[in-house]
file my_file08.cif (mmCIF, C-alpha atoms and all ligand atoms)
data_start
#
loop_
_atom_site.label_atom_id
_atom_site.label_comp_id
_atom_site.auth_asym_id
_atom_site.auth_seq_id
_atom_site.Cartn_x
_atom_site.Cartn_y
_atom_site.Cartn_z
CA MET A 1 120.83 -152.34 -73.24
CA LYS A 2 119.00 -153.73 -70.21
CA ARG A 3 115.42 -152.78 -69.52
CA ILE A 4 114.45 -152.24 -65.88
CA LEU A 5 111.04 -151.80 -64.28
CA VAL A 6 111.18 -149.59 -61.20
CA THR A 7 108.15 -149.67 -58.90
CA GLY A 8 107.86 -146.61 -56.66
CA GLY A 9 110.29 -144.81 -58.98
CA THR A 10 108.97 -141.30 -58.34
CA GLY A 11 109.62 -141.73 -54.60
CA TYR A 12 112.63 -140.58 -52.60
CA ILE A 13 115.01 -143.53 -52.99
CA GLY A 14 113.62 -144.65 -56.36
CA SER A 15 114.23 -141.28 -58.04
CA HIS A 16 117.83 -141.14 -56.78
CA THR A 17 118.43 -144.69 -57.95
CA ILE A 18 117.13 -143.92 -61.44
CA ILE A 19 119.72 -141.14 -61.76
CA GLU A 20 122.50 -143.61 -60.95
CA LEU A 21 121.01 -146.20 -63.34
CA TYR A 22 121.02 -143.67 -66.18
CA LYS A 23 124.77 -143.23 -65.70
CA GLN A 24 124.98 -146.93 -66.61
CA ASP A 25 122.78 -146.56 -69.65
CA TYR A 26 119.79 -148.63 -68.59
CA GLU A 27 116.35 -148.18 -70.11
CA ILE A 28 113.80 -147.54 -67.37
CA ASP A 29 110.04 -147.78 -66.91
CA VAL A 30 108.43 -146.54 -63.71
CA ILE A 31 105.21 -147.65 -62.04
CA ASP A 32 103.88 -145.46 -59.23
CA ASN A 33 100.41 -144.55 -57.99
CA LEU A 34 101.75 -141.21 -56.66
CA VAL A 35 100.33 -141.85 -53.19
CA ASN A 36 103.54 -140.42 -51.67
CA SER A 37 105.29 -138.68 -54.57
CA LYS A 38 104.73 -136.18 -57.34
CA ILE A 39 104.82 -136.64 -61.09
CA GLU A 40 107.09 -133.54 -61.43
CA VAL A 41 109.93 -135.72 -60.14
CA LEU A 42 110.19 -137.20 -63.64
CA ASP A 43 111.07 -133.78 -65.09
CA LYS A 44 113.67 -133.26 -62.37
CA ILE A 45 115.21 -136.62 -63.28
CA LYS A 46 115.37 -135.42 -66.91
CA GLU A 47 117.04 -132.19 -65.78
CA ILE A 48 119.70 -134.08 -63.86
CA ALA A 49 120.23 -137.18 -66.00
CA GLY A 50 119.15 -135.95 -69.44
CA LYS A 51 116.64 -138.80 -69.74
CA LYS A 52 113.11 -139.39 -68.52
CA PRO A 53 111.64 -142.79 -67.70
CA ASN A 54 108.44 -144.12 -69.27
CA PHE A 55 105.80 -143.66 -66.64
CA TYR A 56 102.75 -145.72 -65.71
CA GLU A 57 100.48 -144.22 -63.09
CA VAL A 58 99.32 -147.57 -61.81
CA ASP A 59 98.59 -148.99 -58.38
CA LEU A 60 100.27 -152.34 -57.76
CA LEU A 61 96.98 -153.48 -56.27
CA ASN A 62 95.43 -153.16 -59.74
CA TYR A 63 96.46 -156.58 -61.05
CA ASP A 64 94.92 -156.20 -64.51
CA ALA A 65 96.68 -152.90 -65.20
CA LEU A 66 99.97 -154.33 -63.93
CA LYS A 67 99.61 -157.45 -66.07
CA LYS A 68 99.05 -155.30 -69.15
CA ILE A 69 102.38 -153.54 -68.56
CA PHE A 70 104.19 -156.88 -68.37
CA GLU A 71 102.30 -158.09 -71.45
CA GLU A 72 103.45 -155.10 -73.49
CA ASN A 73 107.06 -154.88 -72.30
CA GLN A 74 109.96 -157.26 -71.82
CA TYR A 75 111.91 -156.47 -68.65
CA ASP A 76 115.27 -157.90 -67.59
CA LEU A 77 114.90 -156.96 -63.95
CA VAL A 78 112.57 -155.28 -61.44
CA ILE A 79 113.59 -152.94 -58.62
CA HIS A 80 110.74 -152.90 -56.14
CA PHE A 81 110.58 -149.72 -54.06
CA ALA A 82 106.80 -149.21 -54.02
CA GLY A 83 105.29 -149.42 -50.57
CA LEU A 84 103.90 -147.41 -47.71
CA LYS A 85 106.55 -146.59 -45.10
CA ALA A 86 105.22 -144.47 -42.24
CA VAL A 87 105.70 -146.50 -39.07
CA GLY A 88 103.12 -144.59 -36.96
CA GLU A 89 100.51 -144.70 -39.72
CA SER A 90 101.04 -148.45 -40.06
CA VAL A 91 100.07 -148.89 -36.41
CA GLU A 92 96.87 -146.91 -36.99
CA GLN A 93 96.03 -148.52 -40.36
CA PRO A 94 97.47 -152.05 -40.26
CA LEU A 95 95.14 -153.50 -42.91
CA ARG A 96 96.01 -150.75 -45.39
CA TYR A 97 99.72 -151.46 -44.86
CA TYR A 98 99.43 -155.23 -45.13
CA GLU A 99 97.20 -154.95 -48.20
CA ASN A 100 99.33 -152.37 -49.97
CA ASN A 101 102.80 -153.69 -49.23
CA ILE A 102 102.15 -157.42 -49.30
CA GLY A 103 99.26 -157.44 -51.77
CA GLY A 104 101.20 -155.15 -54.12
CA THR A 105 104.29 -157.35 -53.93
CA ILE A 106 102.29 -160.52 -54.58
CA ASN A 107 100.69 -158.99 -57.68
CA LEU A 108 104.11 -157.92 -58.91
CA LEU A 109 105.63 -161.36 -58.32
CA LYS A 110 102.69 -163.08 -60.04
CA CYS A 111 103.24 -160.93 -63.13
CA MET A 112 106.98 -161.54 -63.04
CA LYS A 113 106.41 -165.29 -62.91
CA ALA A 114 103.76 -165.20 -65.65
CA TYR A 115 106.01 -163.25 -68.03
CA GLY A 116 109.32 -164.92 -67.18
CA VAL A 117 110.98 -161.96 -65.43
CA LYS A 118 113.10 -163.61 -62.77
CA LYS A 119 115.34 -160.94 -61.32
CA ILE A 120 114.21 -158.66 -58.49
CA ILE A 121 115.85 -156.24 -56.09
CA PHE A 122 113.73 -155.49 -53.03
CA SER A 123 113.84 -152.52 -50.66
CA SER A 124 113.92 -154.00 -47.19
CA SER A 125 114.88 -152.30 -43.97
CA ALA A 126 117.05 -152.67 -40.90
CA THR A 127 113.74 -152.87 -39.08
CA VAL A 128 113.56 -156.63 -39.92
CA TYR A 129 116.31 -157.26 -37.34
CA GLY A 130 113.85 -156.31 -34.60
CA GLU A 131 115.47 -156.35 -31.19
CA GLN A 132 119.01 -157.75 -31.07
CA PRO A 133 121.40 -158.12 -28.16
CA VAL A 134 124.13 -156.18 -30.02
CA ALA A 135 124.16 -152.86 -31.90
CA LYS A 136 126.09 -153.99 -34.99
CA LEU A 137 123.69 -155.83 -37.29
CA VAL A 138 124.89 -158.62 -39.57
CA GLU A 139 122.89 -160.31 -42.35
CA THR A 140 123.25 -163.73 -40.71
CA MET A 141 121.33 -162.68 -37.59
CA PRO A 142 117.80 -164.05 -37.12
CA THR A 143 115.08 -161.65 -38.24
CA GLY A 144 111.43 -161.05 -37.43
CA ILE A 145 111.67 -161.20 -33.64
CA GLY A 146 110.62 -158.10 -31.74
CA ILE A 147 109.36 -156.05 -34.69
CA THR A 148 107.05 -153.48 -33.13
CA ASN A 149 104.86 -152.26 -36.02
CA PRO A 150 102.95 -153.52 -39.10
CA TYR A 151 105.28 -151.63 -41.49
CA GLY A 152 108.25 -153.61 -40.20
CA GLU A 153 106.23 -156.82 -40.30
CA THR A 154 105.46 -156.27 -44.00
CA LYS A 155 109.19 -155.97 -44.77
CA HIS A 156 109.93 -159.18 -42.90
CA MET A 157 107.01 -161.03 -44.52
CA ILE A 158 108.02 -159.93 -48.01
CA GLU A 159 111.57 -161.18 -47.36
CA GLU A 160 110.07 -164.57 -46.42
CA ILE A 161 107.86 -164.60 -49.54
CA LEU A 162 110.90 -163.93 -51.72
CA LYS A 163 112.81 -166.78 -50.07
CA ASP A 164 109.87 -169.12 -50.73
CA ILE A 165 109.74 -168.12 -54.39
CA VAL A 166 113.39 -169.01 -54.84
CA GLU A 167 112.74 -172.28 -53.04
CA SER A 168 110.02 -173.09 -55.58
CA ASP A 169 111.91 -171.80 -58.62
CA PRO A 170 115.72 -171.84 -58.37
CA GLU A 171 116.00 -169.73 -61.51
CA PHE A 172 114.80 -166.71 -59.56
CA GLU A 173 117.50 -164.17 -58.68
CA VAL A 174 116.61 -162.08 -55.65
CA VAL A 175 118.56 -159.36 -53.90
CA ILE A 176 117.20 -158.09 -50.59
CA LEU A 177 118.71 -154.77 -49.60
CA ARG A 178 118.31 -153.82 -45.96
CA TYR A 179 118.55 -150.05 -45.83
CA PHE A 180 119.65 -148.32 -42.67
CA ASN A 181 118.58 -144.64 -42.31
CA PRO A 182 118.61 -142.83 -45.67
CA VAL A 183 119.24 -139.08 -45.50
CA GLY A 184 120.23 -136.26 -47.86
CA ASN A 185 119.45 -135.88 -51.53
CA HIS A 186 121.04 -135.27 -54.93
CA GLU A 187 123.61 -132.46 -54.75
CA SER A 188 121.59 -130.41 -57.26
CA GLY A 189 118.84 -130.06 -54.67
CA LEU A 190 116.29 -130.78 -57.40
CA ILE A 191 114.94 -133.96 -55.83
CA GLY A 192 114.69 -135.08 -52.24
CA GLU A 193 112.38 -136.40 -49.61
CA ASP A 194 108.99 -134.74 -49.70
CA PRO A 195 106.69 -136.72 -47.43
CA LYS A 196 103.01 -136.02 -47.55
CA GLY A 197 101.47 -135.54 -44.08
CA ILE A 198 103.33 -135.62 -40.78
CA PRO A 199 106.64 -137.49 -41.00
CA ASN A 200 108.02 -139.54 -38.13
CA ASN A 201 111.62 -139.97 -39.24
CA LEU A 202 114.26 -137.64 -37.87
CA MET A 203 115.51 -135.90 -41.04
CA PRO A 204 112.10 -134.99 -42.53
CA ILE A 205 111.16 -133.56 -39.12
CA ILE A 206 114.40 -131.55 -38.92
CA MET A 207 113.58 -130.20 -42.41
CA LYS A 208 110.07 -129.18 -41.36
CA VAL A 209 111.42 -127.47 -38.22
CA ALA A 210 113.96 -125.59 -40.36
CA ARG A 211 111.14 -124.41 -42.64
CA GLY A 212 109.04 -123.30 -39.67
CA GLU A 213 106.31 -125.88 -40.38
CA ILE A 214 106.96 -127.56 -37.03
CA LYS A 215 107.86 -125.39 -34.03
CA GLU A 216 110.65 -127.54 -32.61
CA LEU A 217 112.19 -130.98 -32.80
CA SER A 218 111.32 -133.29 -29.92
CA VAL A 219 114.44 -135.29 -29.06
CA PHE A 220 113.19 -138.64 -27.84
CA GLY A 221 115.30 -139.17 -24.73
CA ASP A 222 118.79 -138.08 -23.65
CA ASP A 223 119.22 -140.73 -20.97
CA TYR A 224 120.34 -143.65 -23.16
CA PRO A 225 123.64 -145.37 -22.37
CA THR A 226 125.40 -143.59 -25.25
CA LEU A 227 128.11 -140.90 -25.31
CA ASP A 228 125.67 -137.96 -25.26
CA GLY A 229 122.58 -139.84 -24.04
CA THR A 230 120.70 -139.77 -27.38
CA CYS A 231 120.16 -142.74 -29.71
CA LEU A 232 122.65 -143.68 -32.42
CA ARG A 233 121.60 -144.63 -35.94
CA ASP A 234 123.43 -145.42 -39.17
CA TYR A 235 122.55 -142.51 -41.48
CA ILE A 236 123.39 -143.29 -45.10
CA HIS A 237 123.45 -140.65 -47.85
CA VAL A 238 120.71 -141.54 -50.35
CA VAL A 239 123.13 -141.19 -53.28
CA ASP A 240 125.38 -143.87 -51.75
CA LEU A 241 122.25 -145.97 -51.21
CA ALA A 242 121.22 -145.45 -54.85
CA LYS A 243 124.66 -146.62 -56.00
CA GLY A 244 124.15 -149.75 -53.90
CA HIS A 245 121.35 -150.72 -56.28
CA VAL A 246 123.62 -150.46 -59.31
CA ALA A 247 126.14 -152.68 -57.50
CA ALA A 248 123.34 -155.12 -56.65
CA ILE A 249 122.31 -155.38 -60.32
CA ASN A 250 125.89 -156.14 -61.28
CA GLY A 251 126.18 -158.79 -58.57
CA ILE A 252 122.78 -160.44 -58.86
CA LYS A 253 122.86 -164.24 -59.01
CA PRO A 254 120.45 -167.16 -58.68
CA GLY A 255 119.02 -167.60 -55.19
CA VAL A 256 118.51 -165.01 -52.47
CA SER A 257 121.29 -162.61 -51.57
CA ILE A 258 120.87 -160.26 -48.63
CA TYR A 259 122.92 -157.13 -48.04
CA ASN A 260 122.95 -154.40 -45.41
CA LEU A 261 123.32 -150.97 -46.97
CA GLY A 262 124.72 -148.68 -44.31
CA THR A 263 127.90 -146.84 -43.35
CA GLY A 264 128.88 -149.02 -40.42
CA LYS A 265 128.93 -146.00 -38.10
CA GLY A 266 126.41 -144.65 -35.61
CA THR A 267 125.57 -140.95 -35.27
CA SER A 268 123.59 -139.57 -32.33
CA VAL A 269 120.52 -137.33 -32.52
CA PHE A 270 122.51 -134.47 -30.93
CA GLU A 271 125.28 -134.97 -33.51
CA MET A 272 122.66 -134.81 -36.28
CA ILE A 273 121.29 -131.55 -34.85
CA LYS A 274 124.81 -130.06 -34.63
CA ALA A 275 125.65 -131.15 -38.19
CA PHE A 276 122.45 -129.56 -39.49
CA GLU A 277 123.12 -126.33 -37.57
CA LYS A 278 126.66 -126.18 -38.96
CA ALA A 279 125.43 -126.60 -42.55
CA SER A 280 122.53 -124.17 -42.22
CA LYS A 281 124.42 -121.70 -40.01
CA LYS A 282 121.24 -121.42 -37.91
CA LYS A 283 120.10 -122.79 -34.58
CA LEU A 284 117.59 -125.62 -34.77
CA PRO A 285 114.93 -125.32 -32.06
CA TYR A 286 114.59 -128.55 -30.08
CA LYS A 287 113.55 -129.86 -26.70
CA VAL A 288 114.33 -133.12 -25.01
CA VAL A 289 111.22 -135.19 -24.27
CA GLY A 290 110.68 -138.74 -23.05
CA ARG A 291 111.87 -141.84 -24.89
CA ARG A 292 109.81 -143.10 -27.86
CA ALA A 293 108.43 -146.59 -27.28
CA GLY A 294 110.36 -149.24 -29.18
CA ASP A 295 113.52 -147.16 -29.82
CA LEU A 296 116.81 -148.99 -29.35
CA ALA A 297 119.82 -147.07 -28.00
CA GLU A 298 122.22 -147.93 -30.78
CA ILE A 299 121.90 -149.57 -34.21
CA TYR A 300 124.35 -149.65 -37.06
CA ALA A 301 125.12 -151.87 -40.03
CA ASP A 302 127.90 -154.29 -40.62
CA PRO A 303 128.21 -153.36 -44.31
CA SER A 304 131.21 -155.62 -45.00
CA LYS A 305 129.26 -158.23 -47.01
CA ALA A 306 128.18 -155.64 -49.58
CA GLU A 307 131.78 -154.46 -49.89
CA ARG A 308 133.15 -157.98 -50.19
CA GLU A 309 130.60 -159.33 -52.66
CA LEU A 310 129.36 -156.23 -54.53
CA GLY A 311 132.40 -153.97 -54.26
CA TRP A 312 130.15 -151.28 -52.75
CA LYS A 313 130.76 -149.02 -49.80
CA THR A 314 129.60 -145.57 -48.76
CA GLU A 315 131.61 -142.54 -49.81
CA LEU A 316 129.53 -139.65 -48.51
CA THR A 317 129.17 -138.37 -44.94
CA VAL A 318 126.44 -136.94 -42.73
CA GLU A 319 128.03 -133.51 -43.41
CA ASP A 320 127.54 -134.08 -47.17
CA ALA A 321 123.92 -135.07 -46.51
CA MET A 322 123.30 -131.91 -44.48
CA ARG A 323 124.88 -129.67 -47.15
CA ASP A 324 122.69 -131.28 -49.84
CA THR A 325 119.59 -131.04 -47.63
CA ILE A 326 120.15 -127.28 -47.28
CA THR A 327 120.44 -126.94 -51.07
CA TYR A 328 117.18 -128.86 -51.45
CA LEU A 329 115.41 -126.78 -48.79
CA ASN A 330 116.53 -123.57 -50.48
CA ASN A 331 114.99 -124.84 -53.75
CA LEU A 332 111.58 -125.64 -52.25
P1 LIG B 401 108.64 -143.10 -50.89
O1 LIG B 401 107.31 -143.07 -50.23
O2 LIG B 401 109.28 -141.80 -51.23
O3 LIG B 401 108.56 -143.99 -52.23
C1 LIG B 401 107.69 -145.09 -52.36
C2 LIG B 401 106.88 -144.89 -53.62
O4 LIG B 401 105.97 -145.98 -53.77
C3 LIG B 401 106.04 -143.61 -53.58
O5 LIG B 401 106.33 -142.85 -54.73
C4 LIG B 401 104.59 -144.12 -53.59
O6 LIG B 401 103.75 -143.25 -54.28
C5 LIG B 401 104.74 -145.48 -54.24
N1 LIG B 401 103.71 -146.47 -53.88
C6 LIG B 401 103.29 -146.85 -52.64
N2 LIG B 401 102.35 -147.79 -52.73
C7 LIG B 401 102.14 -148.02 -54.06
C8 LIG B 401 101.29 -148.89 -54.79
N3 LIG B 401 100.41 -149.70 -54.19
N4 LIG B 401 101.36 -148.87 -56.15
C9 LIG B 401 102.22 -148.05 -56.78
N5 LIG B 401 103.05 -147.20 -56.15
C10 LIG B 401 103.01 -147.20 -54.80
O7 LIG B 401 109.60 -143.97 -49.97
P2 LIG B 401 111.17 -144.21 -50.08
O8 LIG B 401 111.79 -143.59 -48.88
O9 LIG B 401 111.66 -143.86 -51.42
O10 LIG B 401 111.23 -145.77 -49.85
C11 LIG B 401 111.29 -146.69 -50.92
C12 LIG B 401 111.27 -148.10 -50.36
O11 LIG B 401 112.34 -148.26 -49.44
C13 LIG B 401 109.99 -148.42 -49.58
O12 LIG B 401 109.63 -149.75 -49.84
C14 LIG B 401 110.42 -148.25 -48.14
O13 LIG B 401 109.64 -149.01 -47.26
C15 LIG B 401 111.86 -148.72 -48.20
N6 LIG B 401 112.68 -148.18 -47.11
C16 LIG B 401 112.73 -146.84 -46.90
C17 LIG B 401 113.47 -146.32 -45.85
C18 LIG B 401 113.51 -144.83 -45.58
O14 LIG B 401 113.81 -144.44 -44.44
N7 LIG B 401 113.23 -143.96 -46.54
C19 LIG B 401 114.18 -147.19 -45.00
C20 LIG B 401 114.12 -148.55 -45.25
C21 LIG B 401 113.37 -149.04 -46.31
N1 LIG B 402 114.05 -139.05 -33.27
C1 LIG B 402 113.84 -137.99 -32.40
N2 LIG B 402 112.80 -137.15 -32.66
C2 LIG B 402 111.95 -137.33 -33.72
C3 LIG B 402 112.18 -138.41 -34.60
C4 LIG B 402 113.24 -139.25 -34.33
O1 LIG B 402 114.57 -137.80 -31.44
O2 LIG B 402 111.01 -136.53 -33.85
C5 LIG B 402 115.18 -139.95 -33.02
C6 LIG B 402 114.73 -141.37 -32.72
O3 LIG B 402 114.53 -141.54 -31.35
C7 LIG B 402 115.93 -142.17 -33.24
C8 LIG B 402 116.49 -141.33 -34.38
O4 LIG B 402 115.96 -140.02 -34.18
O5 LIG B 402 116.91 -142.25 -32.26
C9 LIG B 402 116.08 -141.82 -35.75
O6 LIG B 402 114.67 -142.00 -35.78
P1 LIG B 402 113.89 -142.41 -37.11
O7 LIG B 402 112.46 -142.55 -36.75
O8 LIG B 402 114.27 -141.48 -38.20
O9 LIG B 402 114.53 -143.82 -37.51
P2 LIG B 402 114.64 -145.20 -36.69
O10 LIG B 402 115.99 -145.73 -36.92
O11 LIG B 402 114.22 -145.03 -35.29
O12 LIG B 402 113.68 -146.22 -37.37
C10 LIG B 402 112.46 -145.90 -37.92
C11 LIG B 402 111.54 -147.09 -37.71
C12 LIG B 402 111.99 -148.27 -38.52
C13 LIG B 402 112.18 -147.88 -39.95
C14 LIG B 402 113.15 -146.72 -40.03
C15 LIG B 402 113.37 -146.25 -41.44
O13 LIG B 402 111.47 -147.44 -36.36
O14 LIG B 402 111.04 -149.29 -38.44
O15 LIG B 402 112.63 -145.62 -39.26
O16 LIG B 402 112.18 -145.81 -42.03
F1 LIG B 402 112.67 -148.91 -40.66
#
call {"tool": "encode", "arguments": {"input": "my_file08.cif", "output": "C-alpha cells", "more": "lines below"}}
Ligand code: NAD
Ligand code: UFG
result
Amino acid sequence: MKRILVTGGTGYIGSHTIIELYKQDYEIDVIDNLVNSKIEVLDKIKEIAGKKPNFYEVDLLNYDALKKIFEENQYDLVIHFAGLKAVGESVEQPLRYYENNIGGTINLLKCMKAYGVKKIIFSSSATVYGEQPVAKLVETMPTGIGITNPYGETKHMIEEILKDIVESDPEFEVVILRYFNPVGNHESGLIGEDPKGIPNNLMPIIMKVARGEIKELSVFGDDYPTLDGTCLRDYIHVVDLAKGHVAAINGIKPGVSIYNLGTGKGTSVFEMIKAFEKASKKKLPYKVVGRRAGDLAEIYADPSKAERELGWKTELTVEDAMRDTITYLNNL
C-alpha cells in the first residue's frame, strides 16, 4: 500500500481528495495548521470513508517540526494543498502570502529532498494564465503575464520552483494541477467549503447570502460581451476535481507534467444564480454593481490533455454542485 502525505488535508479540496484516495486504499497522513479549516473534518472523513488520516497540526513554516515528520515516516508521494488562497487578502497582506505559500513550499521541498521523497502533486490555479487573448486556456500557453495579485503570483512562482527542481534532479516527478473554479461538495453534505472571514469567490458568497449572513450578492457587471452580460467561468465539481488527483497519481512520471482540471465549459454568473435558485427553490437576492477590477469576461479550460494522458474528465454538472451545496447548507 502506498503512503501519501497530504498538506492542507483538512481544507476544502484536500478533504474531498482524501475521500477519493481512500477508495483506492492509500494510507494517508495529513499536515495542516488549521488556519482555514477545522479539525472536525477528520471525523467527517471517517464517517464518509470509514477511515481517518493520521493528523499533524503543524505549520509548514515550522521547518523543524516538518523535518521530524519526514524523519519518522516514509512517504511515497506528497499532495501539496496547503496555502492561503484569498485573493483580496493577498493584496492587503502580500508578505504573509509570499511567506506562507512560498516559504511553506520551500520547507516542504527541502524535507522531500532530504528524505528522498521525489513525487509531488501541486495545487495550482488557472490564475497563472494571467491575461490571455483567448478564453480557452491550454497548458502550452505562456504563464505569469498579467497576474493581478500576490496570491496568483505565489502559484506562478511555485510552478517555476518546481520546474527548477526537476531541472536539478531529473528523478523528481512533479504534477502541476491548474484548477479552474471548484464548487459543490460531497453528496453527503458532511464536508464542504467553510471559509473563515469574508470570502471573495462566488459560491461561498452565494452560500452566505442563502444563509442570511450577507444581505445580497453583488453581481460584478452585466455589460460584458457575453450572452447575458455577466462573466463566464469554468465551475468544476470538487468531487470531479478530487478524482483528478487520483488520476494524477496513477499517471505521475519523471519530469514536470501540467494539467488543467476543468470542465471545458463556461457558465455565467446569472446562470449560476438561476441554478442555485432552482436547487434551493428560493429566490437569491442580488443586485448588479460595477465590474470588479481585473475580471476577464470569459475563461474556461481546455481539459483535453488530462483526458488524453490521465484518462480523467469531469462527470458532474453545475446542477449537481448546487444540489450538493443545498444538502451541505441544510447540515450546517
Ligand atoms: P483551503 O483553505 O480550504 O485549504 C488549504 C488548507 O491549507 C487549509 O486547511 C489551511 O488551514 C492549510 N494551510 C494554509 N497554510 C498552511 C501552512 N503554512 N501550514 C499548514 N497548513 C496550512 O483551500 P482549498 O480551496 O482546499 O485549496 C487548496 C489548494 O488549492 C490551495 O493551495 C489553493 O490555493 C488551491 N486552489 C484553490 C482554488 C479554489 O477556488 N478553492 C482554486 C485554485 C487553486
Ligand atoms: N462574482 C460576482 N460577485 C461576487 C463574486 C464573484 O459577480 O461577489 C463573479 C466574478 O465577477 C466572476 C465570477 O463571479 O465573474 C467568479 O468569481 P470568483 O472570484 O469566484 O472566481 P474568479 O474566476 O474570478 O477567480 C478568482 C481569482 C483567481 C483565483 C480564483 C480561484 O481571481 O485568482 O478565484 O480561487 F484563482
call {"tool": "residues_near_ligand", "arguments": {"input": "my_file08.cif", "ligand": "ligand LIG 401 (chain B)", "cutoff": "7 Å", "atoms": "only C-alpha atoms and all ligand atoms", "output": "PyMOL selection string"}}
result
chain A and resi 7-14+31-37+58-61+81-85+100-101+104+123-126+178-182+193+195
call {"tool": "residues_around", "arguments": {"input": "my_file08.cif", "residues": "stretch 49-57 of chain A", "least_positions_apart": "6", "cutoff": "12 Å", "atoms": "only C-alpha atoms", "output": "MDAnalysis selection string"}}
result
chainID A and resid 3:10 14:35 37:43 65:66 68:70 73 186 188 190:191
call {"tool": "residues_around", "arguments": {"input": "my_file08.cif", "residues": "stretch 128-131 of chain A", "least_positions_apart": "6", "cutoff": "6 Å", "atoms": "all atoms listed in the file", "output": "list in words"}}
result
Thr143, Gly144, Ile145, Gly146, Ile147 and His156 of chain A
call {"tool": "atom_distance", "arguments": {"input": "my_file08.cif", "atom1": "atom CA of A:Glu298", "atom2": "atom CA of A:Cys231"}}
result
5.7 Å
call {"tool": "atom_distance", "arguments": {"input": "my_file08.cif", "atom1": "atom CA of A:Ser280", "atom2": "atom CA of A:Thr230"}}
result
21.6 Å
call {"tool": "residues_near_ligand", "arguments": {"input": "my_file08.cif", "ligand": "ligand LIG 402 (chain B)", "cutoff": "8 Å", "atoms": "only C-alpha atoms and all ligand atoms", "output": "ChimeraX atom specification"}}
result
/A:85-87,125-128,147-149,151-152,179-182,200-203,205-206,217-221,230-234,268-269,288,291-292,294-299
call {"tool": "closest_residue", "arguments": {"input": "my_file08.cif", "among": "A:Ile158, A:Ile165, A:Val238, A:Met112", "to": "A:Glu187", "atoms": "only C-alpha atoms"}}
result
A:Val238
call {"tool": "closest_residue", "arguments": {"input": "my_file08.cif", "among": "A:Asp302, A:Gly251, A:Tyr328, A:Pro150", "to": "A:Gln93", "atoms": "only C-alpha atoms"}}
result
A:Pro150
call {"tool": "closest_atom_pairs", "arguments": {"input": "my_file08.cif", "of": "stretch 159-223 of chain A", "to": "stretch 310-321 of chain A", "cutoff": "7 Å", "atoms": "all atoms listed in the file", "output": "Markdown table"}}
result
| residue | atom | partner | partner_atom | distance |
| --- | --- | --- | --- | --- |
| A:Val183 | CA | A:Ala321 | CA | 6.2 |
| A:Gly184 | CA | A:Ala321 | CA | 4.1 |
| A:Asn185 | CA | A:Ala321 | CA | 6.8 |
call {"tool": "atom_distance", "arguments": {"input": "my_file08.cif", "atom1": "atom CA of A:His245", "atom2": "atom CA of A:Gly264"}}
result
17.6 Å
call {"tool": "residues_around", "arguments": {"input": "my_file08.cif", "residues": "A:Val256", "least_positions_apart": "4", "cutoff": "9 Å", "atoms": "all atoms listed in the file", "output": "list in words"}}
result
Leu162, Lys163, Val166, Phe172, Glu173, Val174, Val175, Ile176 and Ile252 of chain A
call {"tool": "write_last_selection", "arguments": {"input": "my_file08.cif", "atoms": "C-alpha atoms", "output": "PDB file, in the frame of the given file"}}
result
ATOM      1  CA  LEU A 162     110.900-163.930 -51.720  1.00  0.00           C
ATOM      2  CA  LYS A 163     112.810-166.780 -50.070  1.00  0.00           C
ATOM      3  CA  VAL A 166     113.390-169.010 -54.840  1.00  0.00           C
ATOM      4  CA  PHE A 172     114.800-166.710 -59.560  1.00  0.00           C
ATOM      5  CA  GLU A 173     117.500-164.170 -58.680  1.00  0.00           C
ATOM      6  CA  VAL A 174     116.610-162.080 -55.650  1.00  0.00           C
ATOM      7  CA  VAL A 175     118.560-159.360 -53.900  1.00  0.00           C
ATOM      8  CA  ILE A 176     117.200-158.090 -50.590  1.00  0.00           C
ATOM      9  CA  ILE A 252     122.780-160.440 -58.860  1.00  0.00           C
TER      10      ILE A 252
END
call {"tool": "residues_around", "arguments": {"input": "my_file08.cif", "residues": "A:Leu109", "least_positions_apart": "5", "cutoff": "10 Å", "atoms": "only C-alpha atoms", "output": "compact mmCIF listing (two decimals) with C-alpha atoms, keeping the file's coordinate frame"}}
result
# COMPACT_ATOMS: atom_id res chain seq x y z
CA VAL A 78 112.57 -155.28 -61.44
CA GLY A 103 99.26 -157.44 -51.77
CA GLY A 104 101.20 -155.15 -54.12
CA ALA A 114 103.76 -165.20 -65.65
CA TYR A 115 106.01 -163.25 -68.03
CA VAL A 117 110.98 -161.96 -65.43
CA LYS A 118 113.10 -163.61 -62.77
CA ILE A 120 114.21 -158.66 -58.49
CA ILE A 161 107.86 -164.60 -49.54
CA LEU A 162 110.90 -163.93 -51.72
CA ILE A 165 109.74 -168.12 -54.39
call {"tool": "closest_residue", "arguments": {"input": "my_file08.cif", "among": "A:Asp64, A:Glu216, A:Ser257, A:Met272", "to": "A:Thr140", "atoms": "only C-alpha atoms"}}
result
A:Ser257
call {"tool": "closest_residue", "arguments": {"input": "my_file08.cif", "among": "A:Lys110, A:Glu309, A:Ser90, A:Tyr97", "to": "A:Lys67", "atoms": "only C-alpha atoms"}}
result
A:Lys110
call {"tool": "decode", "arguments": {"input": "my_file08.cif", "residues": "stretch 167-173 of chain A", "atoms": "N, CA and C atoms", "output": "PDB file, in the first residue's frame"}}
result
ATOM      1  N   GLU A 167      14.753  20.298 -13.044  1.00  0.00           N
ATOM      2  CA  GLU A 167      15.951  20.608 -13.833  1.00  0.00           C
ATOM      3  C   GLU A 167      17.208  20.134 -13.099  1.00  0.00           C
ATOM      4  N   SER A 168      17.214  20.326 -11.768  1.00  0.00           N
ATOM      5  CA  SER A 168      18.404  19.991 -10.985  1.00  0.00           C
ATOM      6  C   SER A 168      18.437  18.513 -10.597  1.00  0.00           C
ATOM      7  N   ASP A 169      17.292  17.856 -10.613  1.00  0.00           N
ATOM      8  CA  ASP A 169      17.223  16.453 -10.206  1.00  0.00           C
ATOM      9  C   ASP A 169      16.164  15.747 -11.052  1.00  0.00           C
ATOM     10  N   PRO A 170      16.583  15.137 -12.154  1.00  0.00           N
ATOM     11  CA  PRO A 170      15.627  14.541 -13.100  1.00  0.00           C
ATOM     12  C   PRO A 170      14.818  13.373 -12.515  1.00  0.00           C
ATOM     13  N   GLU A 171      15.209  12.928 -11.323  1.00  0.00           N
ATOM     14  CA  GLU A 171      14.415  11.845 -10.714  1.00  0.00           C
ATOM     15  C   GLU A 171      13.104  12.360 -10.123  1.00  0.00           C
ATOM     16  N   PHE A 172      13.021  13.676  -9.958  1.00  0.00           N
ATOM     17  CA  PHE A 172      11.790  14.233  -9.386  1.00  0.00           C
ATOM     18  C   PHE A 172      10.617  14.033 -10.344  1.00  0.00           C
ATOM     19  N   GLU A 173       9.453  13.712  -9.769  1.00  0.00           N
ATOM     20  CA  GLU A 173       8.231  13.546 -10.558  1.00  0.00           C
ATOM     21  C   GLU A 173       7.218  14.558 -10.031  1.00  0.00           C
TER      22      GLU A 173
END
